[in-house]
Amino acid sequence: MGAATADNDQAVIFTYGTLKQGFYNHRLIQDMILAGDAAFLGIALTADRYPLVCGPYRVPFLINIPGAGELVSGELYAVSRRAIALVDELEGISRGHYERLPITVRLPIGGEEGGEEGLVVEAEAYFAHQSFGEKMWRRNGEKGICAYSSDEAVGYVKRKDRPQDITFLDQIRIFVSSTMD
């Protein structure tokens, strides 16, 4: 099948964690949909394997090491370029938490996951910042998950409920330097 891409007024983003339906930060996507700034495109699967791990506070991180990890399941959204700034802010782009980078995903034929068939889509995803991504992968024993599920999210701590006397980046640094439980 051919490739699908967004026009100049939209970005296509692949969400794999708390922005997905049923998770805490999906309310941002819902607000964007209501404002006409986002549209759900479907369930998608990464075309390549990537590490997906949980960091401090059960925050999910996709790590930019193609070929490692698993094929990752998520959701695809078309988002207006002006609204992408809201997602960038949530994901801490300017604070070094995540980087928005290109990724190739597949929309499975008939919505069925699995297999190599489906519409190929060039999108963008929020990857763990390169300053700690590989360390996060090693900290998790180089074992990833294929989906951030409700089971994986048990113990997730909302940003407002996290300690305010230390930055999230410092919390990440402490997490990656600690040993696995």
# chains A, B, ... in the order shown; residues from 1 in each chain; ligands from 1
$ select_by_dssp --residues "stretch 8-158 of chain A" --states "strand (DSSP E)" --output "ChimeraX atom specification"
/A:10-15,38-50,52-54,60-62,70-80,98-107,119-128
$ closest_atom_pairs --of "stretch 81-109 of chain A" --to "stretch 25-33 of chain A" --cutoff "12 Å" --atoms "only C-alpha atoms" --output "JSON lines"
{"residue": "A:Arg81", "atom": "CA", "partner": "A:Met32", "partner_atom": "CA", "distance": 11.5}
{"residue": "A:Arg82", "atom": "CA", "partner": "A:Met32", "partner_atom": "CA", "distance": 10.4}
{"residue": "A:Ala83", "atom": "CA", "partner": "A:Met32", "partner_atom": "CA", "distance": 7.2}
{"residue": "A:Ile84", "atom": "CA", "partner": "A:Met32", "partner_atom": "CA", "distance": 9.6}
{"residue": "A:Ala85", "atom": "CA", "partner": "A:Met32", "partner_atom": "CA", "distance": 11.4}
{"residue": "A:Leu86", "atom": "CA", "partner": "A:Leu28", "partner_atom": "CA", "distance": 8.2}
{"residue": "A:Val87", "atom": "CA", "partner": "A:Leu28", "partner_atom": "CA", "distance": 7.8}
{"residue": "A:Asp88", "atom": "CA", "partner": "A:Leu28", "partner_atom": "CA", "distance": 11.5}
{"residue": "A:Glu89", "atom": "CA", "partner": "A:Leu28", "partner_atom": "CA", "distance": 11.1}
{"residue": "A:Leu90", "atom": "CA", "partner": "A:Asn25", "partner_atom": "CA", "distance": 8.7}
{"residue": "A:Glu91", "atom": "CA", "partner": "A:Asn25", "partner_atom": "CA", "distance": 10.2}
$ closest_atom_pairs --of "stretch 54-109 of chain A" --to "stretch 128-146 of chain A" --cutoff "9 Å" --atoms "only C-alpha atoms" --output "CSV"
residue,atom,partner,partner_atom,distance
A:Cys54,CA,A:Asn140,CA,8.0
A:Gly55,CA,A:Met136,CA,7.2
A:Pro60,CA,A:Ala128,CA,8.9
A:Phe61,CA,A:Ala128,CA,5.4
A:Leu62,CA,A:Ala128,CA,5.8
A:Ile63,CA,A:Ala128,CA,5.4
A:Asn64,CA,A:Gly133,CA,7.2
A:Ile65,CA,A:Glu134,CA,7.8
A:Ala68,CA,A:Glu142,CA,8.3
A:Gly69,CA,A:Gly144,CA,5.3
A:Glu70,CA,A:Cys146,CA,5.4
A:Leu71,CA,A:Cys146,CA,5.9
A:Val72,CA,A:Cys146,CA,4.6
A:Ser73,CA,A:Cys146,CA,6.1
A:Ile93,CA,A:His129,CA,8.4
A:Gly96,CA,A:His129,CA,6.0
A:His97,CA,A:His129,CA,5.5
A:Tyr98,CA,A:His129,CA,4.5
A:Glu99,CA,A:His129,CA,5.3
A:Arg100,CA,A:His129,CA,8.9
$ atom_distance --atom1 "atom CA of A:Ile43" --atom2 "atom CA of A:Gly74"
5.9 Å
$ residues_around --residues "stretch 34-38 of chain A" --least-positions-apart "5" --cutoff "6 Å" --atoms "only C-alpha atoms" --output "number ranges by chain"
A: 78-80
$ closest_residue --among "A:Phe168, A:Val176, A:Val157, A:Val120" --to "A:Ala44" --atoms "only C-alpha atoms"
A:Val120
$ select_by_dssp --residues "chain A" --states "helix (DSSP H, G or I)" --output "ChimeraX atom specification"
/A:26-34,56-58,81-90,93-95,109-111,133-139,159-161,168-177
$ atom_distance --atom1 "atom CA of A:Tyr24" --atom2 "atom CA of A:Lys158"
7.8 Å
$ atom_distance --atom1 "atom CA of A:Glu124" --atom2 "atom CA of A:Asp151"
25.5 Å
$ closest_residue --among "A:Gly42, A:Tyr77, A:Val121, A:Gln164" --to "A:Gln10" --atoms "only C-alpha atoms"
A:Tyr77
